[in-house]
Structure formats: C-alpha cells, structure tokens
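Asker: Below you will find the structure I want to go over with you.
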Amino acid sequence: METDSTTTAAATNERESSRASTRIARAIERVPWLIPSISFVTGVIGFAMVKRGAGLARYIAVAALAGWVWLLIEPLVRRYLENRRSGIGKFVSNFLTQSLQQEVLFFSLPFLFGSMQRDVGQIAFIAVASGAALLTALDPLYERWIAARAATRLLFHAYCSLIAAVVVVPMVVHLSLDESLPLALGGVSLWLLLTSPMSLRSLRSSRHRWIWVACSVLAPLLIWVLRAHVPPAGLAVTQGVITQSIADLTPGPPVRTLTTSELAAGVVAFAAIRAPSGVAQSIVFEWRHRGEIERISSEIRGGNEQGWRTYSRKESFPANAVGRWIVDVRTPQGQLLKRMQFIVQG
C-alpha cells in the first residue's frame, strides 16, 4: 500500500510539473516576439561589452551557450520522452528547443553584423542567419518546414549549433577563429552522424534519404571551402590607415596617392583590431597589385577597447609599381576584416 501511495504521489507531482511547464510555454506563446527581442538585446549588450573589453561579455556568452548545449542533447531528451509516450513532455521539449534556437540566432546577429565587410559571401552568410532567426519566430512556418520531421529539425539544430560555435564559443573558452571554425564543423559533422538513424527513419522515400545524406556531408564541406566568407564574428577593425610613418604604434597622416619616388620611404598599413578579452589571434596583411600577392603575418590579443595596434611595413616595390594597391587585413583562413587601398602615380 505504501508503494502504491508513493507511486501515485510521484505521478501526481509529474502531472502538476507538466501542467505548470505547459502553462508557462503557452503564456510565452501569446507574446511570440518576447524571446527573440530579449535575445537580440542581450546580443547587442554582449557586443557592446566586447567593444569595451569588459569581462561581463563572457558571462553573457555563457548564458547564450546554454542554448547550444541543449541543442546537442535535445535528440536524447526527445527520444526519452517519446519512449515514455509523454505528449506534454514532447510539447515542452519542442517549445524549449525553438526558444533556445531563437536565443542562439538572435544573440549572434549583432556580432555577425558588427564584423560584416563589403564581401558578397559575408553578406550572404548573414542574410541566411537572419532568415533562420526570423523563421524561428514565425510559428506556422517553423512548424511546417522545421519541426514536422526529425530530419529537417536535426539539420536546423546543426546549423544553429554551428552559428553558436562560431560566434559564442570563442568568447567563452578563448578560442581564435582559426581554431573555432574547424572544431565547429567537426563537432557538427559528428553530431549529424550520431543522429542520422533518427533523421533517416523520419523520411519516407529513398530519394529524400539520399538528399539528407548529401546535405549532411556536403554542407560542412561547402562551409569549409568557403570559410573565407564566414564573417569573423567578434573581431573588428576600429582604425585602418595607409600611411608612410608610424611612431609608438601611432600612425602618421593617411595617404591616398603616392608617386614612384615617394615609395622609397616605404608604405605602412596600420590597423587597430578589437577582439574578445583573452583571445589571441593571428591576422594577415595581404598586399595586392596586378595579380601579385604578398602576405605579412602579425599577432593580436583581445580585451582592448580601442583595439590591438599592429602594422605591416612594405619597403620593397616592383619596378612597375604604378596603379592601384589593395591591402586586405584578413584572418589566416582568409576572412576579410578590413580593405584599404592607395594609388601609385608615375
């Protein structure tokens, strides 16, 4: 009798907990823009803190990282709930997953926009991320296109996890972009492999299964091939100058045009680059002229509000140096941080 009473009490407590969770979820559903708005504002605050080099940004990023962790364990939780045939539990799981996807995407947007350059690939990447964030806030479309099948749901999970790994993880564990992107792609690929049985079972035709396999394999490879167009979230050039003099890491007057005789004094490409506190990052000055490229590497460290000051000096020029010179500041993976240029006249 005591065992029956204990079981009944546990079942009652579980039902009450499920009802409370359901009431909370349905209350938030009445204001669908609440979570996206809070997440976006939090992202703006985090971006502002990174600009100021404040340690608070790291704690904000840790909170956002909780959504990433849930996205990774969600398939296991969902399988557990399905085995228990808990309809309310699955409803809460769906709601929590969608809410945390909103948190990750809307939190990341200010960092992506803050690092965007006039690069077609970066603009396209941010447009896709913005569209994905908007999709999570439009319940009818989200339910039809994402949540209806495990295959699409898990692919979308993978995409959100990738965004979080590229934007949020470096701030939390002090990873450079050179390290975070390969780890993100490797982790997402492994996650897709482990969840593939669940995804494939949800697809009814062999054709759809082959499409899912192709997307799972080719998408990470495509992002790696096009990694130069992934926005360098968290990094920003606060000052970029082409000059001919520099003293105590302070650039001289900017120059736009030079004569061939003035090149004898050399040309300096100066950049102040802001990065999250604790992050050590390699950057590359890429000098380009008439198809010829010269790369000069440098190192920066995060945590400085005005940006870490560095420069590249070029003193050796070809005999025919006339024309437009372009100096790109990039990460070692080719992600564009800043483009500067000057013209040499005969």
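Each chain in the structure tokens gets a letter, A, B and so on, in the order shown; residues start at 1 in every chain, and ligands are counted from 1 in the order they appear.
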Skip His208 of chain A itself and residues of its chain fewer than 5 positions away, then list as a list in words all residues within 12 Å of it, counting only C-alpha atoms.

Answerer: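 Residues near the query, excluding close chain neighbours: Arg149, Ala151, Thr152, Ser199, Leu200, Arg201, Ser202, Leu203, Val213, Ala214 and Cys215 of chain A.
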
Asker: I'd like a table as JSON lines: residues in segment 210-268 of chain A with an atom no more than 10 Å from segment 308-311 of chain A, each row giving the shortest atom pair and its distance in Å to one decimal, only C-alpha atoms counted, sorted by chain and rising residue number.

Answerer:
{"residue": "A:Val237", "atom": "CA", "partner": "A:Trp308", "partner_atom": "CA", "distance": 9.1}
{"residue": "A:Thr238", "atom": "CA", "partner": "A:Trp308", "partner_atom": "CA", "distance": 9.2}
{"residue": "A:Gln239", "atom": "CA", "partner": "A:Arg309", "partner_atom": "CA", "distance": 8.9}
{"residue": "A:Gly240", "atom": "CA", "partner": "A:Tyr311", "partner_atom": "CA", "distance": 9.4}
{"residue": "A:Val241", "atom": "CA", "partner": "A:Tyr311", "partner_atom": "CA", "distance": 9.3}
{"residue": "A:Ile242", "atom": "CA", "partner": "A:Tyr311", "partner_atom": "CA", "distance": 9.6}
{"residue": "A:Ile246", "atom": "CA", "partner": "A:Tyr311", "partner_atom": "CA", "distance": 8.9}
{"residue": "A:Asp248", "atom": "CA", "partner": "A:Arg309", "partner_atom": "CA", "distance": 9.8}
{"residue": "A:Leu249", "atom": "CA", "partner": "A:Arg309", "partner_atom": "CA", "distance": 6.4}
{"residue": "A:Thr250", "atom": "CA", "partner": "A:Arg309", "partner_atom": "CA", "distance": 8.3}
{"residue": "A:Pro251", "atom": "CA", "partner": "A:Tyr311", "partner_atom": "CA", "distance": 9.0}
{"residue": "A:Val268", "atom": "CA", "partner": "A:Tyr311", "partner_atom": "CA", "distance": 6.7}

Asker: Figure out the distance between atom CA of Val255 of chain A and atom CA of Asn320 of chain A, please, to one decimal in Å.

Answerer: 19.6 Å

Asker: I'd like to know which of A:Leu190, A:Ala165, A:Ile146, A:Met198 is closest to Arg79 of chain A, using only C-alpha atoms.

Answerer: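 Using only C-alpha atoms, the shortest distance to Arg79 of chain A belongs to A:Met198.
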
Asker: Please list as a PDB file with all heavy atoms, in the first residue's frame every residue within 7 Å of Ala228 of chain A, counting only C-alpha atoms and excluding residues in the same chain fewer than 5 positions away.

Answerer:
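To be explicit, this is the file written out as out_4.pdb:
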ATOM      1  N   GLN A 333      42.500  32.208 -42.281  1.00  0.00           N
ATOM      2  CA  GLN A 333      41.574  31.457 -43.127  1.00  0.00           C
ATOM      3  C   GLN A 333      41.030  32.295 -44.283  1.00  0.00           C
ATOM      4  O   GLN A 333      40.261  31.806 -45.090  1.00  0.00           O
ATOM      5  CB  GLN A 333      40.406  30.929 -42.286  1.00  0.00           C
ATOM      6  CG  GLN A 333      40.843  29.898 -41.252  1.00  0.00           C
ATOM      7  CD  GLN A 333      39.718  29.490 -40.333  1.00  0.00           C
ATOM      8  OE1 GLN A 333      38.687  30.153 -40.271  1.00  0.00           O
ATOM      9  NE2 GLN A 333      39.909  28.408 -39.606  1.00  0.00           N
ATOM     10  N   GLY A 334      41.433  33.564 -44.334  1.00  0.00           N
ATOM     11  CA  GLY A 334      41.026  34.420 -45.443  1.00  0.00           C
ATOM     12  C   GLY A 334      39.831  35.301 -45.167  1.00  0.00           C
ATOM     13  O   GLY A 334      39.375  36.027 -46.063  1.00  0.00           O
ATOM     14  N   GLN A 335      39.293  35.295 -43.950  1.00  0.00           N
ATOM     15  CA  GLN A 335      38.130  36.128 -43.635  1.00  0.00           C
ATOM     16  C   GLN A 335      38.537  37.607 -43.617  1.00  0.00           C
ATOM     17  O   GLN A 335      39.477  37.991 -42.935  1.00  0.00           O
ATOM     18  CB  GLN A 335      37.551  35.714 -42.275  1.00  0.00           C
ATOM     19  CG  GLN A 335      37.011  34.298 -42.259  1.00  0.00           C
ATOM     20  CD  GLN A 335      36.961  33.729 -40.862  1.00  0.00           C
ATOM     21  OE1 GLN A 335      37.992  33.445 -40.263  1.00  0.00           O
ATOM     22  NE2 GLN A 335      35.754  33.554 -40.332  1.00  0.00           N
TER      23      GLN A 335
END

Asker: Restricting the calculation to only C-alpha atoms: of A:Ser176, A:Gln345, A:Ser261, A:Thr243, which residue gets closest to Gly302 of chain A?

Answerer: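 Closest residue, counting only C-alpha atoms: A:Ser176.
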
Asker: May I have the residues within 9 Å of Leu181 of chain A as a compact mmCIF listing (two decimals) with all heavy atoms, in the first residue's frame, using only C-alpha atoms and disregarding those fewer than 6 positions away in the same chain?

Answerer:
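File written: out_31.txt
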# COMPACT_ATOMS: atom_id res chain seq x y z
N LEU A 162 26.23 25.33 -35.24
CA LEU A 162 27.38 25.89 -35.95
C LEU A 162 27.50 27.39 -35.68
O LEU A 162 28.60 27.89 -35.39
CB LEU A 162 27.24 25.63 -37.44
CG LEU A 162 28.31 26.27 -38.34
CD1 LEU A 162 29.66 25.60 -38.09
CD2 LEU A 162 27.93 26.18 -39.81
N ALA A 165 28.73 27.89 -32.19
CA ALA A 165 30.14 27.50 -32.03
C ALA A 165 31.07 28.54 -32.62
O ALA A 165 32.15 28.81 -32.10
CB ALA A 165 30.38 26.14 -32.66
N VAL A 166 30.65 29.16 -33.73
CA VAL A 166 31.49 30.16 -34.40
C VAL A 166 31.47 31.50 -33.65
O VAL A 166 32.49 32.17 -33.53
CB VAL A 166 31.04 30.36 -35.86
CG1 VAL A 166 31.72 31.56 -36.49
CG2 VAL A 166 31.36 29.10 -36.67
N TRP A 224 33.50 24.81 -45.24
CA TRP A 224 34.95 24.82 -45.10
C TRP A 224 35.62 25.39 -46.35
O TRP A 224 36.56 26.20 -46.23
CB TRP A 224 35.46 23.41 -44.82
CG TRP A 224 36.95 23.36 -44.71
CD1 TRP A 224 37.84 22.79 -45.58
CD2 TRP A 224 37.75 23.92 -43.66
NE1 TRP A 224 39.13 22.96 -45.15
CE2 TRP A 224 39.11 23.65 -43.97
CE3 TRP A 224 37.46 24.62 -42.49
CZ2 TRP A 224 40.16 24.06 -43.15
CZ3 TRP A 224 38.51 25.03 -41.67
CH2 TRP A 224 39.83 24.75 -42.01
N ARG A 227 35.15 29.10 -46.32
CA ARG A 227 35.37 29.65 -44.97
C ARG A 227 35.86 31.10 -44.99
O ARG A 227 35.66 31.83 -44.01
CB ARG A 227 36.37 28.79 -44.21
CG ARG A 227 37.75 28.68 -44.84
CD ARG A 227 38.58 27.61 -44.13
NE ARG A 227 39.92 27.46 -44.70
CZ ARG A 227 40.20 26.75 -45.77
NH1 ARG A 227 39.23 26.13 -46.43
NH2 ARG A 227 41.44 26.64 -46.22

Asker: So, counting only C-alpha atoms, which residue among A:Gly187, A:Arg209, A:Asn94, A:Leu177 is closest to Glu143 of chain A?

Answerer: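 Of all the options, A:Asn94 lies closest to Glu143 of chain A.
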
Asker: Given the choices A:Trp325, A:Phe342, A:Trp70, A:Trp210, which gets closest to Leu96 of chain A if the distance is worked out from only C-alpha atoms?

Answerer: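 The answer is A:Trp70, which sits nearest to Leu96 of chain A.
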
Asker: Name the closest residue to Ile163 of chain A among the candidates A:Ser99, A:Thr136, A:Thr195, A:Ser180; distances are taken between atoms, counting only C-alpha atoms.

Answerer: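 For Ile163 of chain A, the nearest of the given residues is A:Ser180.
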